[in-house]
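Student: What follows is a structure written as C-alpha cells; I'll ask about it next.
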Amino acid sequence: MTSPLMPRDPINDHLLTPQNCALLVIDYRPIQVASVASRDRRELVNNIVAVARIAKLYELPVVLSTVNVKTGINQPMITQVTDILPGEPIDRTTVNAWEDEDFHAAVKATGRNKLLVCALWTEVCLCFPVLDAIKENYEVYPIIDAVGGTSSEAHKLVPGIRAE
C-alpha cells in the first residue's frame with residue numbers, strides 16, 4: 001500500500017474534516033431532555049456530551065441555540081453541554097432555529113458548508129432547520145445518536161432518520 005502523492009485538502013475535501021464543518025447544537029434544555037421517549041435519556045445526554053467533547057477537541061466552530069430562555073418561559077441549555085462548549089447560546093423566539101436571524105447569521109459566519117446537527121426534538125428542532133439548510137445548499141449531517149424525539153414513531157418518521 002502506498003501513500004498518495006498529494007495530501008488531501010482538509011478545507012475542500014468531500015469528507016468531513018475539522019477544517020470544513022461546524023456543529024449546531026439546538027434546544028438541549030431540561031424539559032426537552034425529559035420529554036424524549038425515543039431513546040434512554042441518560043444515553044442521550046452521554047451522547048451529546050461526547051459530541052461536545054469531540055467538537056472541543058477538534059476546535060470546531062459551534063453554534064448553540066435555545067428558545068425563549070430570556071423571556072423566562074424556558075430553562076437554559078443543560079450544563080452538561082455548556083460546561084464543555086464555550087459561548088452564549090443564541091436564544092430565539094422561533095420554533096425553527098433557521099428562521100432566527102442571529103442563528104442563521106452565526107451559521108453563515110462559521111464559513112463552513114458542512115453542518116453537523118444535534119437537536120431535540122427530532123421531529124421539530126432537528127427536522128426544520130435541517131430541511132432549510134439543505135435548501136440553501138448546505139451539506140447536513142444529523143448526529144442521530146445524540147438526537148431524540150417525543151416518541152419512537154415520531155423519531156422514525158423523519159426522513160433520513162432511523163431509530164434503533
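Chains: A, B, ... in order of the C-alpha cells. Residues: from 1 per chain. Ligands: from 1, in order shown.
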Set the distance at 10 Å and use only C-alpha atoms: which residues neighbour Asp100 (chain A) once local chain neighbours fewer than 5 positions away are removed? I'd like the list as a PDB file with N, CA and C atoms, in the first residue's frame.

Tutor:
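Output saved as around18.pdb:
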ATOM      1  N   SER A  65     -27.982  26.970  20.475  1.00  0.00           N
ATOM      2  CA  SER A  65     -29.230  27.725  20.429  1.00  0.00           C
ATOM      3  C   SER A  65     -30.261  27.152  21.393  1.00  0.00           C
ATOM      4  N   ILE A  90     -27.503  31.184  21.392  1.00  0.00           N
ATOM      5  CA  ILE A  90     -28.386  32.156  20.744  1.00  0.00           C
ATOM      6  C   ILE A  90     -29.794  31.798  21.171  1.00  0.00           C
ATOM      7  N   ASP A  91     -30.426  32.720  21.883  1.00  0.00           N
ATOM      8  CA  ASP A  91     -31.782  32.470  22.356  1.00  0.00           C
ATOM      9  C   ASP A  91     -32.759  33.080  21.367  1.00  0.00           C
ATOM     10  N   ARG A  92     -33.659  32.277  20.897  1.00  0.00           N
ATOM     11  CA  ARG A  92     -34.580  32.713  19.853  1.00  0.00           C
ATOM     12  C   ARG A  92     -36.017  32.590  20.311  1.00  0.00           C
ATOM     13  N   THR A  93     -36.909  33.142  19.518  1.00  0.00           N
ATOM     14  CA  THR A  93     -38.342  33.022  19.792  1.00  0.00           C
ATOM     15  C   THR A  93     -39.026  32.181  18.729  1.00  0.00           C
ATOM     16  N   THR A  94     -38.291  31.798  17.685  1.00  0.00           N
ATOM     17  CA  THR A  94     -38.860  30.968  16.622  1.00  0.00           C
ATOM     18  C   THR A  94     -38.711  29.496  16.966  1.00  0.00           C
ATOM     19  N   VAL A  95     -39.664  28.693  16.549  1.00  0.00           N
ATOM     20  CA  VAL A  95     -39.564  27.246  16.734  1.00  0.00           C
ATOM     21  C   VAL A  95     -38.425  26.703  15.865  1.00  0.00           C
ATOM     22  N   ALA A 105     -27.267  33.884  10.865  1.00  0.00           N
ATOM     23  CA  ALA A 105     -26.031  34.654  10.665  1.00  0.00           C
ATOM     24  C   ALA A 105     -24.841  33.956  11.321  1.00  0.00           C
ATOM     25  N   ALA A 106     -25.043  33.360  12.481  1.00  0.00           N
ATOM     26  CA  ALA A 106     -23.959  32.656  13.169  1.00  0.00           C
ATOM     27  C   ALA A 106     -23.499  31.437  12.369  1.00  0.00           C
TER      28      ALA A 106
END

Student: From region 11-125 of chain A, collect each residue whose DSSP state is strand (DSSP E or B) and return the set as number ranges by chain.

Tutor: A: 21-26, 62-67, 90-92, 114-120

Student: Provide the CA of Thr122 (chain A) to CA of Asn68 (chain A) distance in Å, to one decimal place.

Tutor: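 Between these atoms lies a distance of 18.8 Å.
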
Student: Based on DSSP run over this structure's backbone, return all residues of region 75-152 of chain A in helix (DSSP H, G or I), as an NGL selection string.

Tutor: :A and (79-82 or 97-99 or 101-109 or 122-135 or 144-146 or 152)

Student: Contacts between region 4-14 of chain A and region 70-153 of chain A, please, where a residue of region 70-153 of chain A counts if it comes within 12 Å (with only C-alpha atoms); show its shortest atom pair and distance in Å to one decimal, rows by chain and ascending number, as a tab-separated table.

Tutor:
residue	atom	partner	partner_atom	distance
A:Gly111	CA	A:Ile11	CA	10.5
A:Arg112	CA	A:Ile11	CA	8.9
A:Asn113	CA	A:Asn12	CA	9.9
A:Lys114	CA	A:His14	CA	9.4
A:Glu139	CA	A:His14	CA	10.0

Student: Take the residues from that selection and write them out as a short mmCIF file (atom, residue, chain, number, x, y, z; two decimals), in the first residue's frame, keeping N, CA, C and O atoms.

Tutor:
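Written file, out.cif:
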data_model
loop_
_atom_site.label_atom_id
_atom_site.label_comp_id
_atom_site.auth_asym_id
_atom_site.auth_seq_id
_atom_site.Cartn_x
_atom_site.Cartn_y
_atom_site.Cartn_z
N GLY A 111 -18.42 30.05 8.09
CA GLY A 111 -17.77 29.85 6.80
C GLY A 111 -17.72 28.40 6.37
O GLY A 111 -17.03 28.05 5.41
N ARG A 112 -18.46 27.55 7.05
CA ARG A 112 -18.45 26.11 6.76
C ARG A 112 -19.72 25.73 6.02
O ARG A 112 -20.80 26.20 6.36
N ASN A 113 -19.59 24.83 5.04
CA ASN A 113 -20.74 24.36 4.28
C ASN A 113 -21.25 23.00 4.76
O ASN A 113 -22.32 22.57 4.39
N LYS A 114 -20.47 22.33 5.59
CA LYS A 114 -20.88 21.02 6.12
C LYS A 114 -21.29 21.23 7.58
O LYS A 114 -20.51 21.71 8.39
N GLU A 139 -24.43 20.98 3.23
CA GLU A 139 -24.39 19.53 3.44
C GLU A 139 -24.67 19.32 4.92
O GLU A 139 -23.95 19.85 5.77
#

Student: If we count only C-alpha atoms, what is near Gln80 (chain A) at a cut-off of 9 Å, once residues fewer than 3 positions away on the same chain are taken out, given as a PDB file with C-alpha atoms, in the first residue's frame?

Tutor:
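Result file follows (around-v8.pdb):
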ATOM      1  CA  VAL A  45     -27.139  13.119  27.427  1.00  0.00           C
ATOM      2  CA  ASN A  46     -23.984  10.990  27.395  1.00  0.00           C
ATOM      3  CA  ILE A  48     -24.420  14.852  23.294  1.00  0.00           C
ATOM      4  CA  VAL A  49     -21.650  15.263  25.875  1.00  0.00           C
ATOM      5  CA  MET A  77     -29.331  24.610  27.980  1.00  0.00           C
ATOM      6  CA  ASP A  83     -19.723  23.238  30.723  1.00  0.00           C
ATOM      7  CA  ILE A  84     -17.872  21.863  27.690  1.00  0.00           C
TER       8      ILE A  84
END

Student: What's the 10 Å shell around Arg42 (chain A), counting only C-alpha atoms, without same-chain residues fewer than 5 positions away, as a VMD selection string?

Tutor: chain A and resid 33 to 34 47

Student: Between A:Leu23, A:Arg29, A:Glu43, A:Pro129, which one has atoms that come closest to Tyr58 (chain A), using only C-alpha atoms?

Tutor: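 Closest candidate: A:Leu23.
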
Student: Using only C-alpha atoms, which of the listed residues (A:Ile134, A:Ala154, A:Val69, A:Leu15) sits closest to Arg39 (chain A)?

Tutor: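 With only C-alpha atoms as the atom set, the closest residue is A:Ala154.
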
Student: Residues at most 12 Å from Val130 (chain A), counting only C-alpha atoms, excluding those fewer than 6 positions away in the same chain, as a PDB file with N, CA, C and O atoms, in the first residue's frame?

Tutor:
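Now in result_30.pdb:
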ATOM      1  N   LEU A  24     -23.877  22.386  15.084  1.00  0.00           N
ATOM      2  CA  LEU A  24     -25.037  23.124  15.574  1.00  0.00           C
ATOM      3  C   LEU A  24     -25.680  22.297  16.681  1.00  0.00           C
ATOM      4  O   LEU A  24     -25.975  21.114  16.487  1.00  0.00           O
ATOM      5  N   VAL A  25     -25.890  22.900  17.841  1.00  0.00           N
ATOM      6  CA  VAL A  25     -26.497  22.223  18.993  1.00  0.00           C
ATOM      7  C   VAL A  25     -27.743  23.026  19.372  1.00  0.00           C
ATOM      8  O   VAL A  25     -27.638  24.166  19.822  1.00  0.00           O
ATOM      9  N   ILE A  26     -28.909  22.407  19.184  1.00  0.00           N
ATOM     10  CA  ILE A  26     -30.172  23.121  19.290  1.00  0.00           C
ATOM     11  C   ILE A  26     -31.093  22.508  20.354  1.00  0.00           C
ATOM     12  O   ILE A  26     -31.432  21.326  20.282  1.00  0.00           O
ATOM     13  N   ASN A  96     -38.369  27.154  14.631  1.00  0.00           N
ATOM     14  CA  ASN A  96     -37.342  26.723  13.681  1.00  0.00           C
ATOM     15  C   ASN A  96     -36.116  27.615  13.853  1.00  0.00           C
ATOM     16  O   ASN A  96     -36.158  28.803  13.541  1.00  0.00           O
ATOM     17  N   ALA A  97     -35.030  27.045  14.348  1.00  0.00           N
ATOM     18  CA  ALA A  97     -33.809  27.831  14.582  1.00  0.00           C
ATOM     19  C   ALA A  97     -33.342  28.549  13.324  1.00  0.00           C
ATOM     20  O   ALA A  97     -32.830  29.666  13.383  1.00  0.00           O
ATOM     21  N   TRP A  98     -33.513  27.929  12.163  1.00  0.00           N
ATOM     22  CA  TRP A  98     -33.044  28.510  10.904  1.00  0.00           C
ATOM     23  C   TRP A  98     -33.739  29.828  10.592  1.00  0.00           C
ATOM     24  O   TRP A  98     -33.189  30.681   9.898  1.00  0.00           O
ATOM     25  N   GLU A  99     -34.956  30.019  11.101  1.00  0.00           N
ATOM     26  CA  GLU A  99     -35.708  31.244  10.854  1.00  0.00           C
ATOM     27  C   GLU A  99     -35.251  32.410  11.731  1.00  0.00           C
ATOM     28  O   GLU A  99     -35.650  33.547  11.505  1.00  0.00           O
ATOM     29  N   HIS A 104     -29.084  32.100  12.046  1.00  0.00           N
ATOM     30  CA  HIS A 104     -28.729  31.953  10.636  1.00  0.00           C
ATOM     31  C   HIS A 104     -27.416  32.674  10.340  1.00  0.00           C
ATOM     32  O   HIS A 104     -26.535  32.132   9.657  1.00  0.00           O
ATOM     33  N   LYS A 114     -20.473  22.327   5.586  1.00  0.00           N
ATOM     34  CA  LYS A 114     -20.876  21.025   6.121  1.00  0.00           C
ATOM     35  C   LYS A 114     -21.295  21.230   7.578  1.00  0.00           C
ATOM     36  O   LYS A 114     -20.507  21.714   8.385  1.00  0.00           O
ATOM     37  N   LEU A 115     -22.529  20.879   7.878  1.00  0.00           N
ATOM     38  CA  LEU A 115     -23.078  21.113   9.208  1.00  0.00           C
ATOM     39  C   LEU A 115     -23.409  19.809   9.908  1.00  0.00           C
ATOM     40  O   LEU A 115     -24.194  19.007   9.397  1.00  0.00           O
ATOM     41  N   LEU A 116     -22.829  19.615  11.069  1.00  0.00           N
ATOM     42  CA  LEU A 116     -23.191  18.515  11.955  1.00  0.00           C
ATOM     43  C   LEU A 116     -24.273  19.075  12.863  1.00  0.00           C
ATOM     44  O   LEU A 116     -24.084  20.136  13.464  1.00  0.00           O
ATOM     45  N   VAL A 117     -25.403  18.387  12.964  1.00  0.00           N
ATOM     46  CA  VAL A 117     -26.530  18.956  13.707  1.00  0.00           C
ATOM     47  C   VAL A 117     -27.029  17.986  14.768  1.00  0.00           C
ATOM     48  O   VAL A 117     -27.308  16.820  14.480  1.00  0.00           O
ATOM     49  N   CYS A 118     -27.158  18.515  15.987  1.00  0.00           N
ATOM     50  CA  CYS A 118     -27.790  17.801  17.095  1.00  0.00           C
ATOM     51  C   CYS A 118     -28.905  18.690  17.609  1.00  0.00           C
ATOM     52  O   CYS A 118     -28.690  19.880  17.837  1.00  0.00           O
ATOM     53  N   ALA A 119     -30.091  18.115  17.782  1.00  0.00           N
ATOM     54  CA  ALA A 119     -31.220  18.909  18.256  1.00  0.00           C
ATOM     55  C   ALA A 119     -32.274  18.023  18.897  1.00  0.00           C
ATOM     56  O   ALA A 119     -32.424  16.866  18.532  1.00  0.00           O
ATOM     57  N   THR A 122     -36.337  15.447  17.414  1.00  0.00           N
ATOM     58  CA  THR A 122     -36.093  15.048  16.032  1.00  0.00           C
ATOM     59  C   THR A 122     -37.111  15.658  15.088  1.00  0.00           C
ATOM     60  O   THR A 122     -36.767  16.221  14.061  1.00  0.00           O
ATOM     61  N   GLU A 123     -38.388  15.558  15.475  1.00  0.00           N
ATOM     62  CA  GLU A 123     -39.485  15.918  14.574  1.00  0.00           C
ATOM     63  C   GLU A 123     -39.720  17.422  14.454  1.00  0.00           C
ATOM     64  O   GLU A 123     -40.517  17.852  13.628  1.00  0.00           O
ATOM     65  N   VAL A 124     -39.035  18.239  15.225  1.00  0.00           N
ATOM     66  CA  VAL A 124     -39.227  19.685  15.152  1.00  0.00           C
ATOM     67  C   VAL A 124     -37.870  20.387  15.090  1.00  0.00           C
ATOM     68  O   VAL A 124     -37.480  20.928  14.062  1.00  0.00           O
ATOM     69  N   GLU A 136     -30.684  25.566   1.234  1.00  0.00           N
ATOM     70  CA  GLU A 136     -29.671  26.593   0.970  1.00  0.00           C
ATOM     71  C   GLU A 136     -28.325  25.981   0.571  1.00  0.00           C
ATOM     72  O   GLU A 136     -27.295  26.644   0.639  1.00  0.00           O
ATOM     73  N   ASN A 137     -28.345  24.715   0.189  1.00  0.00           N
ATOM     74  CA  ASN A 137     -27.174  24.004  -0.334  1.00  0.00           C
ATOM     75  C   ASN A 137     -26.094  23.693   0.693  1.00  0.00           C
ATOM     76  O   ASN A 137     -24.936  23.489   0.329  1.00  0.00           O
ATOM     77  N   TYR A 138     -26.453  23.621   1.956  1.00  0.00           N
ATOM     78  CA  TYR A 138     -25.515  23.114   2.958  1.00  0.00           C
ATOM     79  C   TYR A 138     -25.542  21.595   2.911  1.00  0.00           C
ATOM     80  O   TYR A 138     -26.570  20.995   2.587  1.00  0.00           O
ATOM     81  N   GLU A 139     -24.434  20.976   3.229  1.00  0.00           N
ATOM     82  CA  GLU A 139     -24.386  19.526   3.442  1.00  0.00           C
ATOM     83  C   GLU A 139     -24.666  19.320   4.921  1.00  0.00           C
ATOM     84  O   GLU A 139     -23.948  19.854   5.771  1.00  0.00           O
ATOM     85  N   VAL A 140     -25.702  18.565   5.245  1.00  0.00           N
ATOM     86  CA  VAL A 140     -26.147  18.447   6.627  1.00  0.00           C
ATOM     87  C   VAL A 140     -26.042  17.003   7.098  1.00  0.00           C
ATOM     88  O   VAL A 140     -26.485  16.080   6.417  1.00  0.00           O
ATOM     89  N   TYR A 141     -25.475  16.842   8.285  1.00  0.00           N
ATOM     90  CA  TYR A 141     -25.251  15.528   8.871  1.00  0.00           C
ATOM     91  C   TYR A 141     -25.824  15.503  10.287  1.00  0.00           C
ATOM     92  O   TYR A 141     -25.153  15.909  11.238  1.00  0.00           O
ATOM     93  N   PRO A 142     -27.081  15.050  10.453  1.00  0.00           N
ATOM     94  CA  PRO A 142     -27.607  14.907  11.813  1.00  0.00           C
ATOM     95  C   PRO A 142     -26.841  13.824  12.557  1.00  0.00           C
ATOM     96  O   PRO A 142     -26.548  12.769  11.994  1.00  0.00           O
ATOM     97  N   ILE A 143     -26.493  14.098  13.789  1.00  0.00           N
ATOM     98  CA  ILE A 143     -25.801  13.100  14.615  1.00  0.00           C
ATOM     99  C   ILE A 143     -26.879  12.357  15.395  1.00  0.00           C
ATOM    100  O   ILE A 143     -27.262  12.742  16.498  1.00  0.00           O
ATOM    101  N   VAL A 158     -39.155  10.845  10.592  1.00  0.00           N
ATOM    102  CA  VAL A 158     -38.432  11.963   9.999  1.00  0.00           C
ATOM    103  C   VAL A 158     -37.543  11.407   8.888  1.00  0.00           C
ATOM    104  O   VAL A 158     -36.812  10.443   9.099  1.00  0.00           O
ATOM    105  N   PRO A 159     -37.618  11.980   7.675  1.00  0.00           N
ATOM    106  CA  PRO A 159     -36.829  11.459   6.558  1.00  0.00           C
ATOM    107  C   PRO A 159     -35.340  11.380   6.904  1.00  0.00           C
ATOM    108  O   PRO A 159     -34.770  12.310   7.451  1.00  0.00           O
ATOM    109  N   GLY A 160     -34.764  10.247   6.590  1.00  0.00           N
ATOM    110  CA  GLY A 160     -33.329  10.065   6.797  1.00  0.00           C
ATOM    111  C   GLY A 160     -32.956   9.617   8.195  1.00  0.00           C
ATOM    112  O   GLY A 160     -31.806   9.328   8.472  1.00  0.00           O
ATOM    113  N   ILE A 161     -33.909   9.545   9.123  1.00  0.00           N
ATOM    114  CA  ILE A 161     -33.635   9.155  10.492  1.00  0.00           C
ATOM    115  C   ILE A 161     -34.065   7.716  10.690  1.00  0.00           C
ATOM    116  O   ILE A 161     -35.147   7.332  10.285  1.00  0.00           O
TER     117      ILE A 161
END

Student: Quick one, how far is CA of Glu59 (chain A) from CA of Leu85 (chain A)?

Tutor: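 CA of Leu85 (chain A) lies 10.1 Å from CA of Glu59 (chain A).
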
Student: Work out how far apart CA of Ile73 (chain A) and CA of Ala55 (chain A) are and give it in Å to one decimal.

Tutor: 29.0 Å

Student: Pick out the residues sitting within 10 Å of Pro86 (chain A), and hand them over as a PyMOL selection string; count only C-alpha atoms, and ignore anything fewer than 2 positions along from it in its own chain.

Tutor: chain A and resi 56+62-64+81-84+88-89

Student: I need the residues from that last selection saved to file as a CSV table (one decimal), in the first residue's frame (with N, CA, C and O atoms), if you can.

Tutor:
chain,number,residue,atom,x,y,z
A,56,LYS,N,-15.0,20.2,20.8
A,56,LYS,CA,-14.0,21.0,21.5
A,56,LYS,C,-12.6,20.5,21.2
A,56,LYS,O,-11.7,21.3,20.9
A,62,VAL,N,-18.8,26.1,16.8
A,62,VAL,CA,-20.1,25.6,17.4
A,62,VAL,C,-21.1,26.7,17.5
A,62,VAL,O,-20.8,27.8,17.9
A,63,VAL,N,-22.3,26.4,17.1
A,63,VAL,CA,-23.4,27.4,17.2
A,63,VAL,C,-24.4,26.7,18.2
A,63,VAL,O,-25.0,25.6,17.9
A,64,LEU,N,-24.6,27.3,19.4
A,64,LEU,CA,-25.6,26.8,20.3
A,64,LEU,C,-26.8,27.6,20.3
A,64,LEU,O,-26.8,28.8,20.0
A,81,VAL,N,-23.7,20.2,28.6
A,81,VAL,CA,-23.2,20.8,27.3
A,81,VAL,C,-22.5,22.1,27.5
A,81,VAL,O,-21.4,22.3,27.0
A,82,THR,N,-23.1,23.0,28.2
A,82,THR,CA,-22.5,24.3,28.3
A,82,THR,C,-21.2,24.3,29.2
A,82,THR,O,-20.4,25.3,29.0
A,83,ASP,N,-21.0,23.3,30.0
A,83,ASP,CA,-19.7,23.2,30.7
A,83,ASP,C,-18.6,22.9,29.8
A,83,ASP,O,-17.4,23.2,30.1
A,84,ILE,N,-18.9,22.3,28.6
A,84,ILE,CA,-17.9,21.9,27.7
A,84,ILE,C,-17.7,22.9,26.6
A,84,ILE,O,-16.6,23.2,26.2
A,88,GLU,N,-22.2,31.9,24.6
A,88,GLU,CA,-23.6,32.0,25.0
A,88,GLU,C,-24.5,31.5,23.9
A,88,GLU,O,-24.4,31.9,22.7
A,89,PRO,N,-25.5,30.6,24.3
A,89,PRO,CA,-26.4,30.1,23.2
A,89,PRO,C,-27.2,31.3,22.7
A,89,PRO,O,-27.6,32.2,23.4
